[in-house]
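J.: This is the structure I want to talk about, given as structure tokens.
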Amino acid sequence: MSPTATELLARMPGQKPHWLLGWRGNLIQFNQDPLGNVEKLRQRYGNIFLFVHGGNPPLNSTLPNVHQTVFALGPEYNQRVLSDTNLFYNSILLGTEGTEFWRLGRGLLNMNGEKHRQQRRLMMPAFQKSRIDGYVPLMVETTRQMLQRWQVGERRDLKAEMRDLTMRIASRAFFGLDVDPQEGGLATEIDEWLRLSGTLGVMFFRYRIPFTPFHRFLQASKKLEEKLQAMIAAKRAAGAEQGDVLSQLIHTCDEDGSRMSEDELIGQANLLFLAGHETTANALTWTLFLLSQHPRIMARLYDELTGTLHGADPTANDLPKLTYLDHVIKESMRLLPPVPFLARTAMAHTTLGPYEIPERTEVALSPYVTHHMPEIWPNAKHFTPERWESCDPTAYEYLPFGAGSRMCIGAGFATVEIKVVLSMILQAFRLELAPNSRVDRYVNITLSAKHGLPMILHSQDRSFEKNNTSWRGNLREMVEFPAV
Ligand code: HEM
């Protein structure tokens with residue numbers, strides 16, 4: 001007789017259920033610090049282990065009947081799982097089929113198989129290099145507006161500033177909307193929708209009963225859907241393509257002449273916006289933080305920027321000349337990848353390393369853990385942009401944008417945006433971490449700074465060695481900083 005799913009998984013190492021609360025106890029504990037905990041579990045059980053024996057609701061997957069999570073860490077498992085998209089499905093942020101919630105979540109991130117391939121084909125042209133280069137003036141202008149508000153001597157939360165900036169750039173580039181996120185509008189509503197979707201009342205009590213959080217969430221979803229519909233209708237009525245991503249998606253068609261349906265446009269627009277701004281904001285925030293703590297690296301970068309741009313705003317042609325900037329960004333996303341975990345669901349019984357796993361097992365991977373493996377990355381905890389002059393990792397050893405045929409469709413857009421924004425900020429201001437700050441990690445799909453990132457804005461005097469503020473926080477477990 002072949003073993004049952006439970007018997008198969010029992011062969012794996014993994015945590016015992018919490019003595020009192022069962023899997024709930026393991027989950028509560030894990031969620032307090034997912035990155036710290038995954039490292040501890042890996043030290044105890046190795047690179048592949050069951051999250052908790054006896055079953056748990058999936059950490060990420062929204063597919064039905066998924067009851068177990070296996071952590072599989074390192075490049076071999078990344079390759080095995082990410083390269084087989086027919087076997088390992090992606091599904092996050094998806095409500096019950098047919099609801100407003102479901103329609104708003106129907107973007108690339110939630111599609112699989114032929115549907116995913118077809119939609120991705122339709123979307124790729126909007127992200128080719130010439131299109132992205134066309135957004136550089138808009139990125140420059142939006143960053144300039146932010147810098148004009150900044151004053152020497154001020155203290156600003158860079159996390160909030162980067163969030164506002166990337167939201168604004170995303171609204172303009174993806175939808176052609178020029179609105180201040182502080183004043184509300186579509187961008188803020190999409191963000192609020194995401195926040196509500198993760199609240200306990202919405203996640204665990206999904207019945208359409210008036211006055212419940214889920215009912216309010218569905219009403220908010222309906223309103224958001226109507227707004228997106230109205231925007232799509234206005235773009236259709238305008239006739240010609242208007243240059244923003246959504247307008248391109250409306251007009252694009254497959255070889256057989258098929259176009260995206262209304263529902264597909266709504267889901268893609270919503271998820272593009274969500275996938276596109278918070279990730280980029282975190283990459284920018286972490287890079288600015290790392291630079292503020294590494295005066296020698298900051299000085300070398302500043303010299304490259306001023307030597308190439310001479311204080312001017314960058315153009316698309318300037319960006320490839322900024323090699324050290326490229327290395328700084330790569331190294332920052334290695335040490336602190338904005339998306340530290342990825343997850344898939346095995347759609348059939350299969351093997352993973354030495355173990356068999358049953359159909360509908362969730363598999364969690366970690367770019368963060370992979371990027372910190374000392375056997376791949378010598379001095380893994382050091383921020384060393386120079387390593388990129390010679391290192392050449394495989395796609396599964398370095399994967400801040402994921403890997404395989406589901407790799408981030410916005411990677412090119414994000415990289416250009418980060419280069420534009422950093423080259424402008426760093427030529428204009430010297431940033432110093434505010435005294436006595438606490439810098440802790442926070443993981444909720446993305447990796448962000450838990451208490452924000454307060455910085456003092458100084459005029460750019462190249463005196464980076466003056467940056468020697470003392471600070472506390474568990475970022476010190478993830479990065480080894482030079483002594484000040
Ligand atoms: C630094 C910024 C960014 C980072 C670190 C990042 C990271 C990622 C990662 C790790 C994935 C793979 C997820 C998985 O395999 O489960 C992904 C997918 C995706 N990203 Fe990004 N992303 C960034 C910016 C953007 C931007 C600017 C956009 C929009 C223009 C975008 C849109 C998407 C979409 C639509 C997918 C799904 C692709 C698919 O499933 O085919 N991302 N991103």
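Labels for the structure tokens follow display order: chains A, B, ..., residues from 1 in each chain, ligands from 1.
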Under the rule of at most 12 Å, produce a per-residue listing of segment 51-168 of chain A near segment 6-26 of chain A: chain, number, name, the closest pair of atoms, and the distance in Å, as CSV, using only C-alpha atoms.
T.:
residue,atom,partner,partner_atom,distance
A:Phe51,CA,A:Gly14,CA,5.8
A:Val52,CA,A:Gln15,CA,4.7
A:His53,CA,A:Lys16,CA,5.6
A:Gly54,CA,A:Pro17,CA,7.2
A:Gly55,CA,A:Trp23,CA,7.1
A:Asn56,CA,A:Trp23,CA,5.8
A:Pro57,CA,A:Trp23,CA,8.5
A:Pro58,CA,A:Trp23,CA,11.1
A:Leu59,CA,A:Trp23,CA,11.5
A:His67,CA,A:Thr6,CA,10.2
A:Gln68,CA,A:Leu9,CA,8.7
A:Thr69,CA,A:Leu9,CA,9.9
A:Val70,CA,A:Gly14,CA,8.8
A:Phe71,CA,A:Gly14,CA,9.4
A:Ala72,CA,A:Met12,CA,11.5
J.: Which protein, DNA or RNA residues have an atom within 6 Å of ligand 1, counting only C-alpha atoms and all ligand atoms, as a PDB file with N, CA and C atoms, in the first residue's frame?
T.:
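What follows is the written file part-v4.pdb:
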ATOM      1  N   LEU A 108      -0.989  38.776 -13.258  1.00  0.00           N
ATOM      2  CA  LEU A 108       0.017  37.762 -13.619  1.00  0.00           C
ATOM      3  C   LEU A 108       0.427  36.890 -12.438  1.00  0.00           C
ATOM      4  N   LEU A 109       0.591  37.542 -11.267  1.00  0.00           N
ATOM      5  CA  LEU A 109       1.075  36.814 -10.086  1.00  0.00           C
ATOM      6  C   LEU A 109       0.198  35.622  -9.743  1.00  0.00           C
ATOM      7  N   LEU A 272      -0.262  45.043 -10.992  1.00  0.00           N
ATOM      8  CA  LEU A 272       0.963  45.721 -11.453  1.00  0.00           C
ATOM      9  C   LEU A 272       1.317  46.839 -10.484  1.00  0.00           C
ATOM     10  N   ALA A 275       2.486  45.283  -7.161  1.00  0.00           N
ATOM     11  CA  ALA A 275       3.796  44.610  -7.247  1.00  0.00           C
ATOM     12  C   ALA A 275       4.894  45.631  -7.504  1.00  0.00           C
ATOM     13  N   GLY A 276       4.518  46.771  -8.097  1.00  0.00           N
ATOM     14  CA  GLY A 276       5.535  47.671  -8.624  1.00  0.00           C
ATOM     15  C   GLY A 276       6.044  48.753  -7.702  1.00  0.00           C
ATOM     16  N   THR A 279       7.872  47.311  -3.512  1.00  0.00           N
ATOM     17  CA  THR A 279       9.145  46.623  -3.704  1.00  0.00           C
ATOM     18  C   THR A 279      10.252  47.628  -4.032  1.00  0.00           C
ATOM     19  N   THR A 280       9.963  48.514  -4.982  1.00  0.00           N
ATOM     20  CA  THR A 280      10.968  49.482  -5.417  1.00  0.00           C
ATOM     21  C   THR A 280      11.289  50.449  -4.278  1.00  0.00           C
ATOM     22  N   ALA A 283      13.667  48.748  -1.913  1.00  0.00           N
ATOM     23  CA  ALA A 283      15.028  48.657  -2.459  1.00  0.00           C
ATOM     24  C   ALA A 283      15.729  50.007  -2.315  1.00  0.00           C
ATOM     25  N   PRO A 338      14.199  42.892  -1.416  1.00  0.00           N
ATOM     26  CA  PRO A 338      12.870  43.409  -1.064  1.00  0.00           C
ATOM     27  C   PRO A 338      11.810  42.319  -0.973  1.00  0.00           C
ATOM     28  N   VAL A 339      11.985  41.207  -1.705  1.00  0.00           N
ATOM     29  CA  VAL A 339      11.043  40.082  -1.572  1.00  0.00           C
ATOM     30  C   VAL A 339      11.854  38.899  -1.015  1.00  0.00           C
ATOM     31  N   LEU A 342       9.627  33.388  -1.490  1.00  0.00           N
ATOM     32  CA  LEU A 342       8.733  33.087  -2.619  1.00  0.00           C
ATOM     33  C   LEU A 342       7.987  31.808  -2.244  1.00  0.00           C
ATOM     34  N   PRO A 400      16.856  38.435  -6.706  1.00  0.00           N
ATOM     35  CA  PRO A 400      15.987  39.448  -6.080  1.00  0.00           C
ATOM     36  C   PRO A 400      14.696  39.654  -6.865  1.00  0.00           C
ATOM     37  N   PHE A 401      14.718  39.346  -8.163  1.00  0.00           N
ATOM     38  CA  PHE A 401      13.519  39.498  -8.987  1.00  0.00           C
ATOM     39  C   PHE A 401      12.891  38.143  -9.310  1.00  0.00           C
ATOM     40  N   GLY A 402      13.187  37.107  -8.536  1.00  0.00           N
ATOM     41  CA  GLY A 402      12.698  35.775  -8.853  1.00  0.00           C
ATOM     42  C   GLY A 402      13.510  35.198 -10.009  1.00  0.00           C
ATOM     43  N   ARG A 406       8.663  33.104 -14.674  1.00  0.00           N
ATOM     44  CA  ARG A 406       7.821  34.026 -13.916  1.00  0.00           C
ATOM     45  C   ARG A 406       8.662  35.125 -13.293  1.00  0.00           C
ATOM     46  N   MET A 407       9.869  35.302 -13.777  1.00  0.00           N
ATOM     47  CA  MET A 407      10.703  36.349 -13.192  1.00  0.00           C
ATOM     48  C   MET A 407      10.013  37.698 -13.342  1.00  0.00           C
ATOM     49  N   CYS A 408      10.272  38.592 -12.416  1.00  0.00           N
ATOM     50  CA  CYS A 408       9.594  39.898 -12.368  1.00  0.00           C
ATOM     51  C   CYS A 408       9.551  40.581 -13.730  1.00  0.00           C
ATOM     52  N   ILE A 409       8.359  40.909 -14.168  1.00  0.00           N
ATOM     53  CA  ILE A 409       8.214  41.562 -15.476  1.00  0.00           C
ATOM     54  C   ILE A 409       8.652  43.029 -15.397  1.00  0.00           C
ATOM     55  N   GLY A 410       8.682  43.561 -14.167  1.00  0.00           N
ATOM     56  CA  GLY A 410       9.042  44.971 -13.992  1.00  0.00           C
ATOM     57  C   GLY A 410      10.494  45.177 -13.595  1.00  0.00           C
ATOM     58  N   ALA A 411      11.351  44.121 -13.705  1.00  0.00           N
ATOM     59  CA  ALA A 411      12.738  44.245 -13.228  1.00  0.00           C
ATOM     60  C   ALA A 411      13.478  45.388 -13.935  1.00  0.00           C
ATOM     61  N   PHE A 413      12.181  48.046 -15.443  1.00  0.00           N
ATOM     62  CA  PHE A 413      11.570  49.317 -15.034  1.00  0.00           C
ATOM     63  C   PHE A 413      12.101  49.719 -13.656  1.00  0.00           C
ATOM     64  N   ALA A 414      12.072  48.764 -12.717  1.00  0.00           N
ATOM     65  CA  ALA A 414      12.491  49.062 -11.342  1.00  0.00           C
ATOM     66  C   ALA A 414      13.962  49.467 -11.298  1.00  0.00           C
TER      67      ALA A 414
END
J.: Find the spatial neighbours of Gln293 of chain A, counting only C-alpha atoms, within a cut-off of 10 Å - ignore same-chain residues fewer than 3 positions away - and output them as a ChimeraX atom specification.
T.: /A:288-290,296-298,383,431-433,464-465,467-469,481-484
J.: Write to file, as a short mmCIF file (atom, residue, chain, number, x, y, z; two decimals), in the first residue's frame, the residues of the selection just made, with all heavy atoms.
T.:
data_model
loop_
_atom_site.label_atom_id
_atom_site.label_comp_id
_atom_site.auth_asym_id
_atom_site.auth_seq_id
_atom_site.Cartn_x
_atom_site.Cartn_y
_atom_site.Cartn_z
N LEU A 288 19.77 53.40 0.46
CA LEU A 288 20.16 54.67 1.09
C LEU A 288 20.68 54.42 2.51
O LEU A 288 21.64 55.05 2.95
CB LEU A 288 18.97 55.64 1.12
CG LEU A 288 18.58 56.20 -0.26
CD1 LEU A 288 17.24 56.91 -0.20
CD2 LEU A 288 19.67 57.14 -0.78
N PHE A 289 20.06 53.50 3.20
CA PHE A 289 20.52 53.18 4.56
C PHE A 289 21.94 52.60 4.51
O PHE A 289 22.84 53.04 5.24
CB PHE A 289 19.56 52.19 5.23
CG PHE A 289 20.11 51.61 6.48
CD1 PHE A 289 20.31 52.41 7.60
CD2 PHE A 289 20.45 50.26 6.54
CE1 PHE A 289 20.84 51.87 8.76
CE2 PHE A 289 20.98 49.73 7.71
CZ PHE A 289 21.19 50.53 8.82
N LEU A 290 22.16 51.60 3.63
CA LEU A 290 23.48 50.96 3.57
C LEU A 290 24.56 51.99 3.20
O LEU A 290 25.65 52.00 3.77
CB LEU A 290 23.46 49.82 2.54
CG LEU A 290 22.66 48.58 2.98
CD1 LEU A 290 22.45 47.63 1.80
CD2 LEU A 290 23.37 47.84 4.12
N ARG A 296 33.09 55.02 2.73
CA ARG A 296 34.05 54.83 1.62
C ARG A 296 33.31 54.49 0.33
O ARG A 296 33.59 55.01 -0.74
CB ARG A 296 35.02 53.69 2.01
CG ARG A 296 36.20 53.53 1.09
CD ARG A 296 36.95 52.24 1.38
NE ARG A 296 36.11 51.04 1.35
CZ ARG A 296 35.67 50.44 0.24
NH1 ARG A 296 35.98 50.93 -0.93
NH2 ARG A 296 34.91 49.36 0.31
N ILE A 297 32.30 53.63 0.46
CA ILE A 297 31.53 53.23 -0.72
C ILE A 297 30.71 54.42 -1.23
O ILE A 297 30.64 54.68 -2.44
CB ILE A 297 30.61 52.03 -0.35
CG1 ILE A 297 31.47 50.83 -0.01
CG2 ILE A 297 29.61 51.73 -1.48
CD1 ILE A 297 30.72 49.65 0.57
N MET A 298 30.15 55.17 -0.29
CA MET A 298 29.37 56.34 -0.68
C MET A 298 30.25 57.35 -1.43
O MET A 298 29.82 57.92 -2.44
CB MET A 298 28.75 56.95 0.59
CG MET A 298 27.83 58.14 0.36
SD MET A 298 26.45 57.83 -0.73
CE MET A 298 26.73 59.03 -2.00
N PHE A 383 28.69 44.39 3.01
CA PHE A 383 28.18 45.16 1.85
C PHE A 383 29.40 45.51 0.99
O PHE A 383 30.15 46.42 1.30
CB PHE A 383 27.49 46.41 2.39
CG PHE A 383 26.94 47.33 1.33
CD1 PHE A 383 26.05 46.87 0.38
CD2 PHE A 383 27.29 48.69 1.31
CE1 PHE A 383 25.51 47.73 -0.59
CE2 PHE A 383 26.76 49.55 0.35
CZ PHE A 383 25.87 49.06 -0.59
N LEU A 431 23.04 62.24 3.24
CA LEU A 431 22.02 61.73 4.18
C LEU A 431 22.69 61.07 5.37
O LEU A 431 23.58 60.24 5.20
CB LEU A 431 21.13 60.70 3.48
CG LEU A 431 20.36 61.19 2.25
CD1 LEU A 431 19.55 60.05 1.66
CD2 LEU A 431 19.43 62.33 2.61
N GLU A 432 22.23 61.46 6.54
CA GLU A 432 22.79 60.85 7.76
C GLU A 432 21.65 60.29 8.60
O GLU A 432 20.64 60.97 8.82
CB GLU A 432 23.54 61.93 8.56
CG GLU A 432 24.25 61.36 9.76
CD GLU A 432 24.96 62.46 10.58
OE1 GLU A 432 24.52 63.62 10.54
OE2 GLU A 432 25.93 62.12 11.25
N LEU A 433 21.81 59.06 9.04
CA LEU A 433 20.79 58.43 9.88
C LEU A 433 20.58 59.29 11.14
O LEU A 433 21.55 59.73 11.74
CB LEU A 433 21.26 57.02 10.27
CG LEU A 433 20.25 56.13 10.97
CD1 LEU A 433 19.08 55.80 10.03
CD2 LEU A 433 20.91 54.83 11.42
N PHE A 464 31.39 62.38 3.94
CA PHE A 464 30.65 61.18 4.35
C PHE A 464 31.20 60.59 5.65
O PHE A 464 30.51 59.89 6.37
CB PHE A 464 30.67 60.13 3.23
CG PHE A 464 30.10 60.67 1.94
CD1 PHE A 464 30.90 60.82 0.82
CD2 PHE A 464 28.78 61.07 1.87
CE1 PHE A 464 30.39 61.34 -0.35
CE2 PHE A 464 28.26 61.59 0.70
CZ PHE A 464 29.06 61.73 -0.42
N GLU A 465 32.50 60.89 5.92
CA GLU A 465 33.07 60.34 7.16
C GLU A 465 32.42 60.97 8.40
O GLU A 465 32.55 60.45 9.51
CB GLU A 465 34.60 60.51 7.15
CG GLU A 465 35.16 61.91 7.30
CD GLU A 465 34.92 62.79 6.05
OE1 GLU A 465 34.50 62.28 4.98
OE2 GLU A 465 35.17 63.99 6.15
N ASN A 467 29.35 60.97 8.91
CA ASN A 467 28.18 60.13 9.25
C ASN A 467 28.60 59.05 10.24
O ASN A 467 29.11 58.02 9.86
CB ASN A 467 27.67 59.38 7.99
CG ASN A 467 26.94 60.29 7.04
OD1 ASN A 467 26.85 61.49 7.27
ND2 ASN A 467 26.42 59.73 5.97
N ASN A 468 28.44 59.30 11.50
CA ASN A 468 28.81 58.26 12.47
C ASN A 468 27.80 58.14 13.60
O ASN A 468 28.16 57.94 14.75
CB ASN A 468 30.24 58.48 12.99
CG ASN A 468 30.35 59.83 13.66
OD1 ASN A 468 29.34 60.52 13.80
ND2 ASN A 468 31.55 60.20 14.07
N THR A 469 26.54 58.25 13.23
CA THR A 469 25.48 58.15 14.23
C THR A 469 25.43 56.74 14.81
O THR A 469 25.58 55.77 14.08
CB THR A 469 24.10 58.34 13.55
OG1 THR A 469 24.26 59.20 12.47
CG2 THR A 469 23.05 58.80 14.51
N PHE A 481 28.57 45.80 9.76
CA PHE A 481 28.91 47.18 9.40
C PHE A 481 30.35 47.49 9.79
O PHE A 481 30.83 46.96 10.80
CB PHE A 481 27.95 48.15 10.10
CG PHE A 481 26.54 48.01 9.59
CD1 PHE A 481 25.64 47.16 10.21
CD2 PHE A 481 26.14 48.69 8.45
CE1 PHE A 481 24.35 47.01 9.73
CE2 PHE A 481 24.84 48.54 7.96
CZ PHE A 481 23.95 47.71 8.60
N PRO A 482 31.02 48.37 9.02
CA PRO A 482 32.38 48.72 9.41
C PRO A 482 32.36 49.51 10.72
O PRO A 482 31.37 50.19 11.00
CB PRO A 482 32.86 49.63 8.26
CG PRO A 482 31.64 50.08 7.55
CD PRO A 482 30.55 49.10 7.86
N ALA A 483 33.43 49.38 11.52
CA ALA A 483 33.48 50.12 12.79
C ALA A 483 33.54 51.60 12.48
O ALA A 483 34.19 52.01 11.50
CB ALA A 483 34.72 49.70 13.56
N VAL A 484 32.83 52.43 13.29
CA VAL A 484 32.90 53.88 13.04
C VAL A 484 33.97 54.51 13.90
O VAL A 484 34.37 53.97 14.90
CB VAL A 484 31.54 54.58 13.31
CG1 VAL A 484 30.56 54.24 12.20
CG2 VAL A 484 30.99 54.23 14.68
#
J.: So which residues touch segment 169-174 of chain A within 7 Å, counting only C-alpha atoms, skipping near sequence neighbours fewer than 6 positions away, as a PyMOL selection string?
T.: chain A and resi 135+139+142+187+244-246+273+277
J.: So that I have them on file, write out the residues from the current selection with N, CA, C and O atoms, as a short mmCIF file (atom, residue, chain, number, x, y, z; two decimals), in the first residue's frame.
T.:
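Resulting contents of again.cif:
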data_model
loop_
_atom_site.label_atom_id
_atom_site.label_comp_id
_atom_site.auth_asym_id
_atom_site.auth_seq_id
_atom_site.Cartn_x
_atom_site.Cartn_y
_atom_site.Cartn_z
N TYR A 135 10.17 56.35 -20.04
CA TYR A 135 9.64 56.82 -18.75
C TYR A 135 10.67 57.59 -17.93
O TYR A 135 10.36 58.13 -16.88
N MET A 139 10.25 59.96 -14.53
CA MET A 139 10.87 59.59 -13.24
C MET A 139 11.69 60.76 -12.71
O MET A 139 11.67 61.08 -11.52
N THR A 142 9.39 63.64 -11.46
CA THR A 142 8.72 63.33 -10.19
C THR A 142 9.72 63.38 -9.03
O THR A 142 9.41 63.86 -7.94
N ALA A 187 -4.41 55.50 -6.40
CA ALA A 187 -3.23 54.83 -5.85
C ALA A 187 -3.45 54.49 -4.38
O ALA A 187 -3.16 53.38 -3.92
N ASP A 244 0.93 55.40 -21.32
CA ASP A 244 1.05 54.70 -20.04
C ASP A 244 0.85 53.19 -20.26
O ASP A 244 0.33 52.76 -21.29
N VAL A 245 1.25 52.39 -19.26
CA VAL A 245 1.23 50.94 -19.41
C VAL A 245 -0.20 50.43 -19.65
O VAL A 245 -0.45 49.62 -20.55
N LEU A 246 -1.16 50.91 -18.87
CA LEU A 246 -2.54 50.42 -19.01
C LEU A 246 -3.07 50.69 -20.41
O LEU A 246 -3.70 49.82 -21.04
N PHE A 273 0.30 47.61 -10.12
CA PHE A 273 0.54 48.73 -9.22
C PHE A 273 1.07 48.22 -7.87
O PHE A 273 2.05 48.74 -7.34
N HIS A 277 5.26 49.20 -6.70
CA HIS A 277 5.78 50.38 -5.99
C HIS A 277 6.41 50.09 -4.65
O HIS A 277 7.48 50.59 -4.34
#
J.: Let me make sure I understand: among A:Arg334, A:Arg360, A:Met455, A:Thr99, which one has the smallest atom-to-atom distance to Ala348 of chain A if we use only C-alpha atoms?
T.: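 Residue with the minimum atom-to-atom distance to Ala348 of chain A: A:Arg360.
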J.: If you run DSSP over the backbone, which residues in segment 145-377 of chain A end up alpha helix (DSSP H)? Put them as a PyMOL selection string.
T.: chain A and resi 145-149+158-170+186-197+200-204+213-237+245-251+262-292+295-309+323-335+367-371
J.: For Ala220 of chain A, which of A:Val152, A:Met424, A:Ile190, A:Ala234 is the closest residue, counting only C-alpha atoms?
T.: A:Ile190
J.: If you count only C-alpha atoms, which residues fall within 12 Å of Ala434 of chain A, apart from same-chain ones fewer than 5 positions away, as a VMD selection string?
T.: chain A and resid 153 to 158 289 292 to 293 439 452 to 458 467 to 472
J.: Would you work out the distance separating atom CA of Arg121 of chain A from atom CA of Val363 of chain A, expressed in Å to one decimal?
T.: 26.4 Å
